[in-house]
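Student: Please see the structure below; I have some questions.
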2 protein chains.
Amino acid sequence: MTKSDVFPKVDDKTELEEGTLFAPNFDAHGFLPAIVTSAETGEVLMFAYMNADALALSIKTGEAHYWSRSRNSLWRKGETSGNCQRIVEMRTDCDQDVIWLSVEMTGSGACCHTGRKSCFYRAVPLGADASAAVALVPVDAERQFDPEAVYGHADAAKGTLKSS
Amino acid sequence: MTKSDVFPKVDDKTELEEGTLFAPNFDAHGFLPAIVTSAETGEVLMFAYMNADALALSIKTGEAHYWSRSRNSLWRKGETSGNCQRIVEMRTDCDQDVIWLSVEMTGSGACCHTGRKSCFYRAVPLGADASAAVALVPVDAERQFDPEAVYGHADAAKGTLKSS
């Protein structure tokens with residue numbers, strides 16, 4: 001299934017930006033970036049990509065689906081870890097080439113494959129000159145689950161298994 | 001300036017995910033996706049890309065800079081519209097290939113080139129079958145400024161001038 005099989009294609013920018021027809025503008029590879037935030041806290045939980053199938057399934061079921069570029073496969077969030085995402089609200093941006101999902105997590109409530117609530121568990125300090133090494137600062141970095149126990153092998157903890 | 005001139009490169013996934021050295025993992029074109037949320041409301045305001053220069057300038061100055069892929073140029077947010085972004089917090093994700101900025105808007109407070117507070121001013125209804133046309137629903141879609149007046153030509157309103 002390609003994008004043209006499922007969603008309409010709109011080239012006119014005024015129509016894309018001011019119209020009400022949903023015409024997601026997939027990139028040359030057939031992907032859309034998807035921003036995922038917590039409906040409860042507003043925190044950014046993760047960032048992933050959708051193809052047309054993942055987007056259509058997400059809309060129809062209200063459960064977040066993505067496309068894994070590394071594994072080249074459709075992926076229902078939580079299919080391995082049990083930490084699924086119920087979509088509370090989906091929005092698109094001005095030129096319809098990005099999706100924003102506001103979600104409720106199920107399971108342990110952890111979104112990141114490393115076991116944290118959010119993938120964004122380290123802050124980048126401001127004011128530094130980037131020519132010197134910049135030291136990240138942990139923020140809400142406690143693990144909610146043990147990735148090795150959940151995924152059943154050490155690859156998860158090592159990060160070679162990105163999705164959860 | 002390329003990524004290797006400014007930021008360290010780390011290939012080890014455990015070090016990338018569990019370490020404290022900031023080693024942003026730019027894509028093959030030298031870009032990082034950047035998610036921008038409002039420090040006040042938590043709302044997602046926009047999505048853009050940074051190259052190494054834009055990232056280094058954002059860190060050093062605390063003012064959001066991006067790379068415009070359409071114009072092939074570095075871009076300080078607000079340089080035309082006056083609607084700048086003061087970075088309150090910057091975070092990176094597990095494998096350091098995405099940036100999240102929490103920002104305060106200056107000027108009119110509008111982030112989107114169409115004049116809205118956020119680029120995400122339309123919701124995608126859930127439960128529909130995507131094989132039928134999906135009608136977007138406006139959310140907080142009031143314009144905070146007139147794009148034609150701000151950018152001085154009609155291209156802005158038509159969306160051919162994406163950044164602001």
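We name chains A, B, ... following the order of the structure tokens; residues begin at 1 in each chain, and ligands are numbered from 1 as shown.
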Name the residues in contact with region 45-51 of chain A at a cut-off of 9 Å, using only C-alpha atoms, excluding same-chain residues fewer than 3 positions from it; report them as a PyMOL selection string.
Tutor: (chain A and resi 2-3+26+29-38+42+54-56+65-69+74+99+110-112+117-120) or (chain B and resi 35+93+98)
Student: Could you list, as a count of residues only, the residues of chain B having an atom within 6 Å of chain A when counting only C-alpha atoms?
Tutor: 31
Student: Tell me, which residues of region 47-145 of chain A carry DSSP helix (DSSP H, G or I), written as a VMD selection string?
Tutor: chain A and resid 52 to 61
Student: Could you save those same residues with C-alpha atoms as a PDB file, in the first residue's frame?
Tutor:
```
ATOM      1  CA  ALA A  52       0.272   5.429   5.271  1.00  0.00           C
ATOM      2  CA  ASP A  53      -0.648   2.059   6.786  1.00  0.00           C
ATOM      3  CA  ALA A  54       0.490   3.090  10.266  1.00  0.00           C
ATOM      4  CA  LEU A  55      -1.403   6.357   9.998  1.00  0.00           C
ATOM      5  CA  ALA A  56      -4.611   4.727   8.714  1.00  0.00           C
ATOM      6  CA  LEU A  57      -4.483   2.102  11.487  1.00  0.00           C
ATOM      7  CA  SER A  58      -3.821   4.756  14.136  1.00  0.00           C
ATOM      8  CA  ILE A  59      -6.838   6.765  12.970  1.00  0.00           C
ATOM      9  CA  LYS A  60      -9.140   3.765  12.699  1.00  0.00           C
ATOM     10  CA  THR A  61      -8.209   2.027  15.968  1.00  0.00           C
TER      11      THR A  61
END
```
Student: Name the residues of chain B that fall into strand (DSSP E) according to DSSP on the backbone, using the chain letters and numbers of this document, as a PyMOL selection string.
Tutor: chain B and resi 32-38+44-50+65-68+73-76+85-92+99-105+122-123+137-138
Student: Compare A:Gly109, A:Lys9, A:Ser81, A:Val103 by their minimum atom-to-atom distance to Gly152 (chain A), counting only C-alpha atoms, and give me the closest one.
Tutor: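 Closest residue, counting only C-alpha atoms: A:Ser81.
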Student: Which value, in Å to one decimal, gives the distance between CA of Gln144 (chain B) and CA of Pro24 (chain A)?
Tutor: 24.9 Å
Student: What is the distance between CA of Asp27 (chain B) and CA of Lys77 (chain A), in Å to one decimal?
Tutor: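 Taking CA of Asp27 (chain B) and CA of Lys77 (chain A), their separation equals 23.5 Å.
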